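Shown below: model26.txt, with compact mmCIF, C-alpha atoms.
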```txt
# COMPACT_ATOMS: atom_id res chain seq x y z
CA MET A 23 31.67 -33.26 -0.03
CA ASN A 24 28.75 -35.49 -0.88
CA THR A 25 27.08 -35.59 -4.30
CA GLU A 26 24.19 -33.44 -3.17
CA ASP A 27 26.44 -30.68 -1.89
CA PHE A 28 28.52 -30.85 -5.02
CA GLU A 29 25.43 -30.57 -7.24
CA GLY A 30 24.22 -27.60 -5.25
CA LEU A 31 27.53 -25.83 -5.49
CA TYR A 32 27.80 -26.67 -9.18
CA LYS A 33 24.39 -25.13 -9.86
CA LYS A 34 25.36 -22.02 -7.92
CA ASN A 35 28.56 -21.63 -9.92
CA ILE A 36 26.72 -22.13 -13.21
CA GLN A 37 24.26 -19.44 -12.16
CA GLU A 38 27.05 -17.03 -11.41
CA MET A 39 28.75 -17.79 -14.69
CA ARG A 40 25.51 -17.17 -16.59
CA ARG A 41 24.67 -13.95 -14.83
CA GLY A 42 27.16 -11.86 -16.79
CA ASN A 43 26.34 -13.55 -20.08
CA LEU A 44 22.64 -12.95 -19.54
CA LEU A 45 23.15 -9.23 -19.79
CA MET A 46 24.88 -9.58 -23.14
CA ALA A 47 22.23 -11.96 -24.44
CA VAL A 48 19.44 -9.55 -23.49
CA LEU A 49 21.18 -6.61 -25.16
CA ALA A 50 21.96 -8.72 -28.24
CA LEU A 51 18.34 -9.86 -28.60
CA LEU A 52 16.90 -6.36 -28.55
CA PRO A 53 17.92 -4.73 -31.84
CA VAL A 54 14.21 -4.81 -32.64
CA GLN A 55 11.75 -3.88 -29.97
CA LYS A 56 10.17 -6.69 -28.00
CA TYR A 57 7.96 -6.95 -24.96
CA GLY A 58 9.07 -8.82 -21.88
CA TYR A 59 7.20 -12.06 -22.40
CA ALA A 60 8.25 -12.39 -26.06
CA LEU A 61 11.87 -11.83 -25.03
CA LEU A 62 11.50 -14.36 -22.23
CA LYS A 63 10.36 -16.99 -24.75
CA GLU A 64 13.20 -16.11 -27.09
CA MET A 65 15.79 -16.27 -24.31
CA ASN A 66 14.51 -19.67 -23.26
CA SER A 67 14.57 -21.03 -26.80
CA SER A 68 18.07 -19.55 -27.34
CA GLY A 69 19.47 -21.61 -24.51
CA PHE A 70 19.27 -19.00 -21.76
CA PRO A 71 16.64 -20.44 -19.49
CA LEU A 72 15.46 -17.84 -17.04
CA THR A 73 12.30 -16.91 -15.22
CA GLN A 74 10.19 -13.80 -15.51
CA ASP A 75 11.22 -12.62 -12.06
CA THR A 76 14.82 -12.45 -13.28
CA LEU A 77 14.22 -11.01 -16.75
CA TYR A 78 11.71 -8.26 -15.97
CA PRO A 79 13.74 -6.63 -13.18
CA LEU A 80 16.86 -6.99 -15.37
CA LEU A 81 15.14 -5.15 -18.23
CA ARG A 82 14.20 -2.41 -15.85
CA ARG A 83 17.72 -2.16 -14.46
CA LEU A 84 19.15 -1.89 -17.98
CA GLU A 85 16.59 0.79 -18.75
CA ASP A 86 17.52 2.69 -15.59
CA GLN A 87 21.18 2.43 -16.58
CA GLY A 88 20.30 4.02 -19.90
CA LEU A 89 21.15 1.02 -22.07
CA LEU A 90 17.60 0.25 -23.18
CA SER A 91 14.71 2.43 -24.25
CA SER A 92 11.13 1.48 -23.68
CA GLU A 93 7.64 2.50 -24.65
CA TRP A 94 4.14 1.28 -23.99
CA ILE A 95 2.47 0.18 -27.19
CA ILE A 96 -1.11 -0.93 -27.50
CA ASP A 97 -1.04 -3.81 -29.93
CA THR A 98 -3.72 -6.50 -30.33
CA SER A 99 -5.94 -5.60 -27.45
CA ARG A 100 -3.90 -4.35 -24.55
CA PRO A 101 -0.81 -2.32 -23.73
CA ARG A 102 2.59 -3.95 -23.52
CA LYS A 103 5.91 -2.43 -22.62
CA TYR A 104 8.38 -2.79 -25.47
CA TYR A 105 12.13 -2.59 -24.98
CA LEU A 106 14.76 -1.66 -27.54
CA ILE A 107 18.53 -1.34 -27.32
CA ASN A 108 19.65 2.28 -27.67
CA GLU A 109 22.90 3.91 -28.73
CA ASN A 110 24.50 3.49 -25.30
CA GLY A 111 23.34 -0.10 -25.20
CA VAL A 112 24.91 -0.87 -28.56
CA LYS A 113 28.16 0.72 -27.44
CA MET A 114 28.07 -1.26 -24.21
CA LEU A 115 27.29 -4.50 -26.02
CA GLU A 116 30.20 -4.01 -28.43
CA SER A 117 32.60 -3.33 -25.55
CA LEU A 118 31.32 -6.28 -23.56
CA LYS A 119 31.56 -8.57 -26.58
CA GLU A 120 35.16 -7.55 -27.10
CA GLU A 121 35.99 -8.09 -23.44
CA TRP A 122 34.17 -11.41 -23.40
CA GLN A 123 36.14 -12.60 -26.44
CA ASN A 124 39.41 -11.54 -24.83
CA GLN A 125 38.50 -13.26 -21.60
CA SER A 126 37.38 -16.46 -23.26
CA GLU A 127 40.60 -16.61 -25.26
CA ARG A 128 42.65 -16.13 -22.11
CA LEU A 129 40.52 -18.64 -20.28
CA ARG A 130 40.92 -21.15 -23.07
CA GLU A 131 44.67 -20.77 -22.69
CA VAL A 132 44.47 -21.30 -18.95
CA ILE A 133 42.13 -24.27 -18.87
CA LYS A 134 43.43 -26.19 -21.85
CA MET B 26 -8.76 -14.72 -24.04
CA THR B 27 -11.10 -13.04 -21.61
CA LEU B 28 -11.09 -12.75 -17.86
CA THR B 29 -14.05 -13.48 -15.68
CA LYS B 30 -15.02 -10.89 -13.11
CA LYS B 31 -13.61 -13.03 -10.31
CA SER B 32 -10.29 -13.69 -12.02
CA LYS B 33 -9.96 -9.99 -12.78
CA GLU B 34 -10.59 -9.20 -9.12
CA LEU B 35 -7.99 -11.75 -8.07
CA LEU B 36 -5.48 -10.18 -10.45
CA GLU B 37 -6.21 -6.72 -9.03
CA ARG B 38 -5.72 -8.03 -5.52
CA TYR B 39 -2.41 -9.59 -6.46
CA LEU B 40 -1.20 -6.39 -8.09
CA ALA B 41 -2.30 -4.32 -5.10
CA ALA B 42 -0.45 -6.68 -2.76
CA ALA B 43 2.72 -6.55 -4.88
CA GLY B 44 2.36 -2.79 -5.38
CA LYS B 45 2.82 -2.15 -1.69
CA TYR B 46 6.36 -3.53 -1.87
CA LEU B 47 7.42 -2.09 -5.21
CA PRO B 48 9.87 0.83 -5.33
CA ILE B 49 7.93 4.09 -5.13
CA LYS B 50 9.68 5.27 -8.27
CA ASN B 51 8.03 3.56 -11.26
CA ARG B 52 5.55 1.73 -9.08
CA THR B 53 2.62 2.17 -11.45
CA ASP B 54 4.74 1.27 -14.43
CA ILE B 55 6.13 -1.92 -12.86
CA SER B 56 2.66 -2.86 -11.68
CA ARG B 57 1.28 -2.43 -15.20
CA GLU B 58 4.08 -4.53 -16.58
CA ILE B 59 3.43 -7.33 -14.09
CA GLU B 60 -0.23 -7.18 -15.13
CA SER B 61 0.78 -7.35 -18.77
CA LEU B 62 3.03 -10.36 -18.01
CA ILE B 63 0.21 -12.20 -16.24
CA LEU B 64 -2.13 -11.54 -19.15
CA ASP B 65 0.54 -12.74 -21.61
CA ILE B 66 0.91 -15.98 -19.66
CA CYS B 67 -2.88 -16.43 -19.63
CA GLU B 68 -3.14 -15.70 -23.32
CA GLU B 69 -0.44 -18.21 -24.14
CA ARG B 70 -2.07 -20.93 -22.08
CA TRP B 71 -5.70 -20.32 -22.86
CA PRO B 72 -5.76 -18.34 -26.11
CA GLU B 73 -9.40 -18.71 -27.05
CA MET B 74 -10.76 -19.43 -23.61
CA GLU B 75 -12.17 -17.66 -20.65
CA VAL B 76 -9.71 -17.40 -17.77
CA ASP B 77 -11.65 -18.25 -14.65
CA GLN B 78 -10.63 -17.83 -11.04
CA GLN B 79 -8.98 -21.25 -10.87
CA LYS B 80 -6.82 -20.61 -13.92
CA MET B 81 -5.80 -17.19 -12.65
CA GLU B 82 -4.95 -18.72 -9.26
CA SER B 83 -2.63 -21.22 -10.92
CA VAL B 84 -0.74 -18.43 -12.71
CA LEU B 85 -0.46 -16.27 -9.60
CA VAL B 86 0.72 -19.19 -7.48
CA GLU B 87 3.44 -19.79 -10.07
CA LEU B 88 4.54 -16.16 -9.88
CA GLY B 89 4.78 -16.57 -6.14
CA LYS B 90 4.26 -14.39 -3.13
CA PRO B 91 3.63 -10.78 -4.20
CA SER B 92 6.15 -9.32 -1.76
CA LYS B 93 8.85 -11.68 -3.01
CA LEU B 94 8.13 -10.85 -6.64
CA ALA B 95 8.22 -7.15 -5.79
CA ALA B 96 11.50 -7.60 -3.90
CA LYS B 97 13.20 -8.58 -7.17
CA TYR B 98 12.64 -5.05 -8.40
CA LYS B 99 14.44 -3.39 -5.56
CA THR B 100 17.23 -1.34 -6.99
CA GLU B 101 18.55 0.49 -3.99
CA VAL B 102 19.77 -0.86 -0.69
CA LEU B 103 16.89 -0.64 1.71
CA LEU B 104 17.29 0.07 5.38
CA ILE B 105 14.59 -2.50 6.04
CA GLY B 106 13.94 -4.96 3.24
CA PRO B 107 10.58 -6.32 2.16
CA GLU B 108 11.14 -9.61 4.00
CA LEU B 109 11.21 -7.87 7.37
CA ILE B 110 8.60 -5.22 6.63
CA PRO B 111 5.57 -7.34 7.67
CA VAL B 112 7.16 -8.12 11.06
CA PHE B 113 8.27 -4.51 11.43
CA LYS B 114 4.74 -3.29 10.71
CA LEU B 115 3.19 -5.70 13.17
CA VAL B 116 5.59 -4.80 15.99
CA LEU B 117 5.16 -1.10 15.26
CA MET B 118 1.39 -1.33 15.24
CA ILE B 119 1.24 -3.21 18.54
CA VAL B 120 3.74 -0.99 20.31
CA CYS B 121 2.27 2.31 19.05
CA THR B 122 -1.30 1.31 19.90
CA VAL B 123 -0.35 0.09 23.37
CA THR B 124 1.76 3.20 24.06
CA SER B 125 -1.05 5.50 22.93
CA ILE B 126 -3.75 3.69 24.89
CA VAL B 127 -1.68 3.49 28.08
CA SER B 128 -0.72 7.12 27.76
CA LEU B 129 -4.28 8.24 27.02
CA SER B 130 -5.72 6.28 29.92
CA THR B 131 -3.33 8.03 32.35
CA PHE B 132 -4.40 11.29 30.72
CA PHE B 133 -8.05 10.65 31.48
CA ILE B 134 -7.53 9.34 35.00
CA GLY B 135 -6.45 12.82 36.05
CA SER B 136 -9.87 14.29 35.51
CA SER B 137 -9.16 17.81 36.76
CA PRO B 138 -9.82 20.35 34.02
CA MET B 139 -6.77 21.13 32.00
CA THR B 140 -5.92 24.29 30.21
CA ALA B 141 -5.37 24.26 26.47
CA GLY B 142 -1.64 24.71 27.09
CA GLU B 143 -1.51 21.66 29.36
CA ILE B 144 -3.39 19.59 26.82
CA ALA B 145 -0.97 20.68 24.09
CA ALA B 146 2.02 19.93 26.33
CA TYR B 147 0.61 16.49 27.04
CA PHE B 148 0.28 15.71 23.33
CA ILE B 149 3.72 16.98 22.51
CA GLU B 150 4.98 14.58 25.17
CA LEU B 151 2.90 11.72 23.76
CA PHE B 152 4.19 12.31 20.23
CA ASN B 153 7.72 12.58 21.56
CA SER B 154 7.44 9.22 23.25
CA LEU B 155 5.83 7.71 20.13
CA PHE B 156 8.64 9.03 17.95
CA GLY B 157 11.13 7.61 20.43
CA VAL B 158 9.47 4.21 20.34
CA VAL B 159 9.23 4.21 16.53
CA GLY B 160 12.87 5.24 16.24
CA PHE B 161 13.98 2.54 18.64
CA ILE B 162 12.06 -0.21 16.78
CA PHE B 163 13.32 1.15 13.47
CA ILE B 164 16.96 0.95 14.59
CA ILE B 165 16.44 -2.60 15.87
CA PHE B 166 15.02 -3.66 12.51
CA VAL B 167 17.77 -1.91 10.55
CA ILE B 168 20.25 -3.96 12.62
CA LEU B 169 18.20 -7.15 12.15
CA GLU B 170 18.17 -6.52 8.38
CA ARG B 171 21.94 -6.59 8.44
CA ILE B 172 22.54 -9.55 10.72
CA ILE B 173 19.95 -12.06 9.54
CA PRO B 174 21.65 -13.88 6.66
CA ASN B 175 18.84 -15.66 4.80
CA LYS B 176 15.91 -13.39 5.28
CA GLY B 177 13.93 -15.28 2.67
CA GLU B 178 13.81 -18.17 5.12
CA PHE B 179 13.38 -15.95 8.16
CA ASN B 180 9.74 -15.22 7.87
CA PRO B 181 7.98 -15.85 11.13
CA LEU B 182 4.73 -14.33 9.92
CA ASP B 183 4.15 -16.11 6.66
CA GLN B 184 6.32 -19.02 5.80
CA SER B 185 4.01 -20.31 3.10
CA TRP B 186 2.04 -18.17 0.75
CA ASN B 187 -1.58 -18.84 0.02
CA ILE B 188 -3.62 -17.15 -2.64
CA LYS B 189 -6.36 -16.60 -0.07
CA ASP B 190 -3.97 -14.39 1.88
CA LEU B 191 -4.18 -11.70 -0.78
CA PRO B 192 -5.64 -8.67 0.91
CA ASP B 193 -9.13 -7.75 -0.14
CA ILE B 194 -8.98 -4.47 -2.00
CA LYS B 195 -12.72 -4.15 -2.25
CA GLU B 196 -12.93 -2.03 0.88
CA LYS B 197 -10.55 0.43 -0.68
CA ILE B 198 -12.65 0.93 -3.78
CA PRO B 199 -16.11 2.11 -2.81
CA SER B 200 -18.69 1.65 -5.54
CA LYS B 201 -19.81 4.69 -7.49
CA ALA B 202 -23.23 4.52 -5.88
CA GLU B 203 -21.64 4.54 -2.42
CA ILE B 204 -19.44 7.49 -3.27
CA ILE B 205 -22.31 9.49 -4.71
CA THR B 206 -24.51 8.68 -1.70
CA GLY B 207 -21.63 9.60 0.60
CA ILE B 208 -21.05 12.92 -1.13
CA PHE B 209 -24.79 13.64 -1.24
CA PHE B 210 -25.20 13.10 2.50
CA SER B 211 -22.05 15.09 3.19
CA ILE B 212 -23.56 18.07 1.35
CA ILE B 213 -26.84 17.66 3.25
CA ALA B 214 -24.90 17.50 6.53
CA ILE B 215 -22.90 20.63 5.68
CA ILE B 216 -26.08 22.51 4.80
CA ALA B 217 -27.79 21.26 7.95
CA LEU B 218 -24.86 22.29 10.13
CA ASN B 219 -24.53 25.75 8.65
CA VAL B 220 -27.97 26.85 7.59
CA PHE B 221 -30.27 25.10 10.00
CA THR B 222 -28.16 25.31 13.18
CA ASP B 223 -30.88 27.29 14.91
CA TYR B 224 -33.42 24.57 14.22
CA ILE B 225 -31.46 21.72 15.80
CA GLY B 226 -33.13 20.94 19.10
CA ILE B 227 -35.98 19.26 20.84
CA TYR B 228 -39.47 19.89 19.57
CA SER B 229 -42.40 19.17 21.82
CA PHE B 230 -46.09 19.88 21.55
CA GLY B 231 -47.71 21.34 24.63
CA SER B 232 -50.92 23.19 25.36
CA GLU B 233 -49.39 26.40 23.99
CA GLY B 234 -48.49 24.81 20.74
CA MET B 235 -45.06 23.70 19.66
CA ASN B 236 -42.13 24.23 22.00
CA PHE B 237 -38.60 24.37 20.78
CA LEU B 238 -35.55 23.90 22.97
CA PRO B 239 -32.15 24.33 21.35
CA ILE B 240 -29.64 21.68 22.37
CA LEU B 241 -26.36 22.85 20.84
CA ALA B 242 -24.18 24.86 23.19
CA PRO B 243 -22.43 27.99 21.83
CA GLU B 244 -19.04 26.27 22.09
CA LEU B 245 -20.22 23.53 19.75
CA ILE B 246 -21.77 26.04 17.36
CA GLN B 247 -18.40 27.78 17.18
CA LEU B 248 -16.86 24.51 16.10
CA LEU B 249 -19.43 23.82 13.39
CA PRO B 250 -17.44 25.37 10.51
CA LEU B 251 -14.64 23.00 11.48
CA PHE B 252 -17.02 20.05 11.24
CA SER B 253 -18.20 21.26 7.85
CA LEU B 254 -14.60 21.38 6.71
CA ARG B 255 -14.02 17.87 8.04
CA ILE B 256 -17.04 16.52 6.17
CA ALA B 257 -16.10 18.38 2.99
CA ILE B 258 -12.52 17.08 3.04
CA GLY B 259 -13.82 13.59 3.82
CA ALA B 260 -16.08 13.76 0.77
CA MET B 261 -13.30 15.17 -1.39
CA THR B 262 -11.02 12.23 -0.63
CA LEU B 263 -13.66 10.06 -2.31
CA LEU B 264 -13.77 12.14 -5.51
CA PRO B 265 -10.72 10.59 -7.22
CA PHE B 266 -12.50 7.23 -7.10
CA ILE B 267 -15.12 8.60 -9.47
CA ILE B 268 -12.71 10.36 -11.80
CA SER B 269 -10.04 7.69 -12.14
CA ARG B 270 -10.17 3.96 -12.68
CA SER B 271 -10.56 2.34 -9.31
CA ALA B 272 -7.84 -0.21 -10.05
CA GLU B 273 -5.28 2.50 -10.72
CA LEU B 274 -6.17 4.10 -7.46
CA THR B 275 -5.58 1.05 -5.35
CA ARG B 276 -2.09 0.87 -6.78
CA SER B 277 -0.90 4.43 -7.08
CA GLY B 278 -3.55 6.71 -5.67
CA SER B 279 -4.05 4.88 -2.43
CA TYR B 280 -0.94 6.62 -1.15
CA TYR B 281 -2.63 10.00 -1.38
CA TYR B 282 -5.89 8.53 -0.17
CA ASN B 283 -4.12 7.16 2.87
CA ILE B 284 -2.35 10.44 3.53
CA SER B 285 -5.66 12.32 3.45
CA GLN B 286 -7.23 9.70 5.69
CA MET B 287 -4.35 10.15 8.13
CA GLY B 288 -5.01 13.87 8.19
CA LEU B 289 -8.66 13.24 8.89
CA SER B 290 -7.81 10.78 11.66
CA LEU B 291 -5.56 13.38 13.29
CA PHE B 292 -8.36 15.90 13.08
CA ASP B 293 -10.80 13.41 14.62
CA ILE B 294 -8.37 12.63 17.43
CA GLY B 295 -8.04 16.33 18.19
CA ILE B 296 -11.80 16.92 18.23
CA LEU B 297 -12.49 13.80 20.31
CA ILE B 298 -9.90 14.79 22.89
CA LEU B 299 -11.39 18.26 23.05
CA PHE B 300 -14.83 16.77 23.62
CA LEU B 301 -13.54 14.44 26.29
CA LYS B 302 -11.66 17.12 28.18
CA ARG B 303 -14.38 19.73 28.01
CA GLY B 304 -17.21 17.30 28.81
CA ILE B 305 -20.65 16.94 27.35
CA GLU B 306 -21.91 20.11 29.09
CA SER B 307 -19.78 22.31 26.89
CA PHE B 308 -21.34 21.01 23.74
CA LEU B 309 -24.95 20.30 24.56
CA LEU B 310 -27.35 22.45 26.58
CA VAL B 311 -27.93 20.04 29.44
CA ASP B 312 -30.60 22.19 31.05
CA ASN B 313 -32.75 22.05 27.98
CA PHE B 314 -32.53 18.28 27.98
CA ALA B 315 -33.70 18.32 31.60
CA LYS B 316 -36.53 20.70 30.77
CA ALA B 317 -37.69 18.39 28.08
CA GLY B 318 -37.75 15.54 30.60
CA PHE B 319 -34.65 13.82 29.32
CA ASP B 320 -32.58 14.22 32.47
CA GLU B 321 -32.37 10.56 33.39
CA ILE B 322 -31.62 9.50 29.88
CA PHE B 323 -29.19 12.33 29.72
CA LEU B 324 -27.31 11.20 32.82
CA LEU B 325 -26.96 7.81 31.25
CA SER B 326 -25.97 9.33 27.95
CA GLY B 327 -23.33 11.41 29.77
CA THR B 328 -21.56 8.21 30.76
CA LEU B 329 -22.24 6.69 27.38
CA PHE B 330 -20.96 9.87 25.75
CA LYS B 331 -17.58 9.43 27.42
CA GLY B 332 -17.48 5.72 26.63
CA ILE B 333 -18.34 6.26 22.98
CA LEU B 334 -15.81 9.07 22.66
CA ILE B 335 -13.04 6.90 24.14
CA LEU B 336 -13.99 4.08 21.80
CA LEU B 337 -13.98 6.44 18.81
CA LEU B 338 -10.66 7.84 19.97
CA CYS B 339 -9.12 4.37 20.11
CA LEU B 340 -10.50 3.64 16.62
CA SER B 341 -9.07 6.90 15.27
CA ILE B 342 -5.66 6.18 16.77
CA PHE B 343 -5.76 2.66 15.40
CA SER B 344 -6.75 3.98 11.98
CA LEU B 345 -3.97 6.56 12.07
CA VAL B 346 -1.36 3.97 13.00
CA LYS B 347 -2.71 1.56 10.35
CA ARG B 348 -2.66 4.17 7.57
CA THR B 349 0.84 5.25 8.56
CA LEU B 350 2.02 1.67 8.37
CA VAL B 351 0.26 1.09 5.03
CA ILE B 352 2.23 3.89 3.42
CA LEU B 353 5.51 3.07 5.16
CA PRO B 354 6.84 0.37 2.82
CA LYS B 355 5.97 2.56 -0.15
CA ARG B 356 8.33 5.17 1.17
CA HIS B 357 11.05 2.57 1.40
CA VAL B 358 12.00 2.83 5.01
```

Take the structure from the file and write it as structure tokens.
Amino acid sequence: MNTEDFEGLYKKNIQEMRRGNLLMAVLALLPVQKYGYALLKEMNSSGFPLTQDTLYPLLRRLEDQGLLSSEWIIDTSRPRKYYLINENGVKMLESLKEEWQNQSERLREVIK
Amino acid sequence: MTLTKKSKELLERYLAAAGKYLPIKNRTDISREIESLILDICEERWPEMEVDQQKMESVLVELGKPSKLAAKYKTEVLLIGPELIPVFKLVLMIVCTVTSIVSLSTFFIGSSPMTAGEIAAYFIELFNSLFGVVGFIFIIFVILERIIPNKGEFNPLDQSWNIKDLPDIKEKIPSKAEIITGIFFSIIAIIALNVFTDYIGIYSFGSEGMNFLPILAPELIQLLPLFSLRIAIGAMTLLPFIISRSAELTRSGSYYYNISQMGLSLFDIGILILFLKRGIESFLLVDNFAKAGFDEIFLLSGTLFKGILILLLCLSIFSLVKRTLVILPKRHV
């Protein structure tokens, strides 16, 4: 495997690893309601670089799954869609956090 | 931050293009959110400035091809995904138009008068064959969807995306003046067709004063209420453009607009076929034309009449196929 192939594969694996964490990060960052672009900025500055075409559909999926609530609010001059974690979302986040901690402990044991 | 008229138009075009590929459920909502995202990006970059066409172009190019952006929102497994839809539409349009034209031309070659039952049987057969063709192409594309691995790269129609490729939505949003003029003339036409039917004809001035020769045959007069209905429905499809914001309509309402236009096209096809099969003599009083000295012109117009009707028929079929294909991706084939 040449360096280029390795780099490509590495990036792909990183992406896959991040995918699950992304969901937790989004849920964790929404205890107060935020609109998509503000959340995107916050995710990027929190070390979860992602693009709008990943975040916006993800928000919608979480809303469809009943983990987020949303409402259109007209602030400043124009309407924006605000998202907020709901009761189900909080429950899900707590369960995922627990599972993630268990997994990372087990993983730490395995890879040490 | 403010948008110039041109940048606003560009944004609307982008949203309309993306809207076609968004899931039908929540389409308006997703479209509004994409609009809000674009405006947020603009506001962040040019907070106190005017966003001109060039600036808007740069943001839209960054967001990428509308169909690809829309594809990210797909939640369910589609039988034919958005990557293949443009090719599917093109193939469908070509095949349906060719099938219809070939079939119609064989229909008109046999010029012996047909009974209404025979005409109906012919059209049932035509629609059967069209459904067969559509079904066959559909199945092929459903298979293609499953066997082509990287459909993002398989894109024979548009490998690169250019902002200039955004469809013009202007034609879909008639101006208020146009709509009002259209409705006004529709009302005039309806009144003319219903109230003044007896006055439609050729007026000439002879030694005995004014002569009047009616030109509409009874068969045509019988059909006039149908024409009035056609004009009224045509005018009514324009009404939502006055009531609602035009931009909203291009995104959500165009579905209903297209459906009504399809209905009208079907109606037109029916009427045109009827005209073609029955001939000009059934609709206009040929003798009166001759009496008024129009016979030569009339002979010519008889041929022209057929030619124009066939042309109109082709246009109606094309329009029907086009409208059907426009609404297809929205239904998530």

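Within 10 Å of chain B, counting only C-alpha atoms, chain A contributes Tyr57, Gly58, Tyr59, Ala60, Thr73, Gln74, Asp75, Thr76, Leu77, Tyr78, Pro79, Leu80, Arg82, Arg83, Asp86, Trp94, Arg100, Pro101, Arg102 and Lys103 of chain A.
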
- Task: Tell me which protein, DNA and RNA residues are within 12 Å of A:Arg41, counting all atoms listed in the file, leaving out same-chain ones fewer than 3 positions away, and put them as a VMD selection string.
- Result: chain A and resid 34 to 38 44 to 48 70 to 72 76 to 77 80

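Minimum distance to A:Gln55 across A:Leu106, A:Ile133, A:Leu31, A:Met39 (counting all atoms listed in the file) occurs at A:Leu106.
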
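Going from atom CA of A:Glu127 to atom CA of A:Asn43 covers 15.5 Å.
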
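With atom CA of B:Asp77 on one side and atom CA of B:Lys45 on the other, the separation reads 25.2 Å.
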
- For a cut-off of 12 Å around (-6.1, 5.6, 17.6), file coordinates, pick out all residues using only C-alpha atoms and list them as JSON, numbers by chain. {"B": [118, 119, 121, 122, 123, 124, 125, 126, 127, 128, 129, 287, 289, 290, 291, 292, 293, 294, 295, 297, 298, 334, 335, 336, 337, 338, 339, 340, 341, 342, 343, 344, 345, 346, 347, 348, 349]}

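For the pair atom CA of B:Asp312 and atom CA of B:Asp223, the interatomic distance is 16.9 Å.
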
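In this comparison, which uses all atoms listed in the file, the residue of A:Leu61, A:Gly42, A:Tyr32, A:Leu52 approaching A:Ser91 most closely is A:Leu52.
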
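Counting all atoms listed in the file and comparing B:Leu301, B:Val86, B:Val311, B:Thr53, the residue that lies closest to B:Ser130 is B:Leu301.
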
- Spatial sel., origin (18.7, -2.7, -27.2), limit 12 Å, only C-alpha atoms, listed as number ranges by chain: A: 45-57, 61, 81, 84-85, 88-92, 104-116

Produce the centre coordinates and the three edge lengths, each in Å to one decimal, of the box along x, y and z that contains all listed atoms of stretch 151-154 of chain B with 4 Å added on each side, as lines of an AutoDock Vina configuration file.
```
center_x = 5.3
center_y = 10.9
center_z = 22.0
size_x = 12.8
size_y = 11.4
size_z = 11.5
```

Fewer than 4 positions away in the same chain doesn't count, so skip those; otherwise give me all residues within 7 Å of stretch 161-174 of chain B, counting all atoms listed in the file, as a PDB file with C-alpha atoms, in the coordinates of the input.
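Writing done, so here's out_13.pdb:
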```pdb
ATOM      1  CA  LEU B 104      17.290   0.070   5.380  1.00  0.00           C
ATOM      2  CA  ILE B 105      14.590  -2.500   6.040  1.00  0.00           C
ATOM      3  CA  GLY B 106      13.940  -4.960   3.240  1.00  0.00           C
ATOM      4  CA  PHE B 113       8.270  -4.510  11.430  1.00  0.00           C
ATOM      5  CA  GLY B 157      11.130   7.610  20.430  1.00  0.00           C
TER       6      GLY B 157
END
```

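For the residues B:Pro250, B:Tyr39, B:Phe330, B:Pro91, ranking by smallest atom-to-atom distance to B:Glu108 using all atoms listed in the file places B:Pro91 first.
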
- Query: So which one's closest to B:Gly160, B:Val120, B:Ala214, B:Ile225, B:Ala146? Using only C-alpha atoms, please.
  - Reply: B:Val120
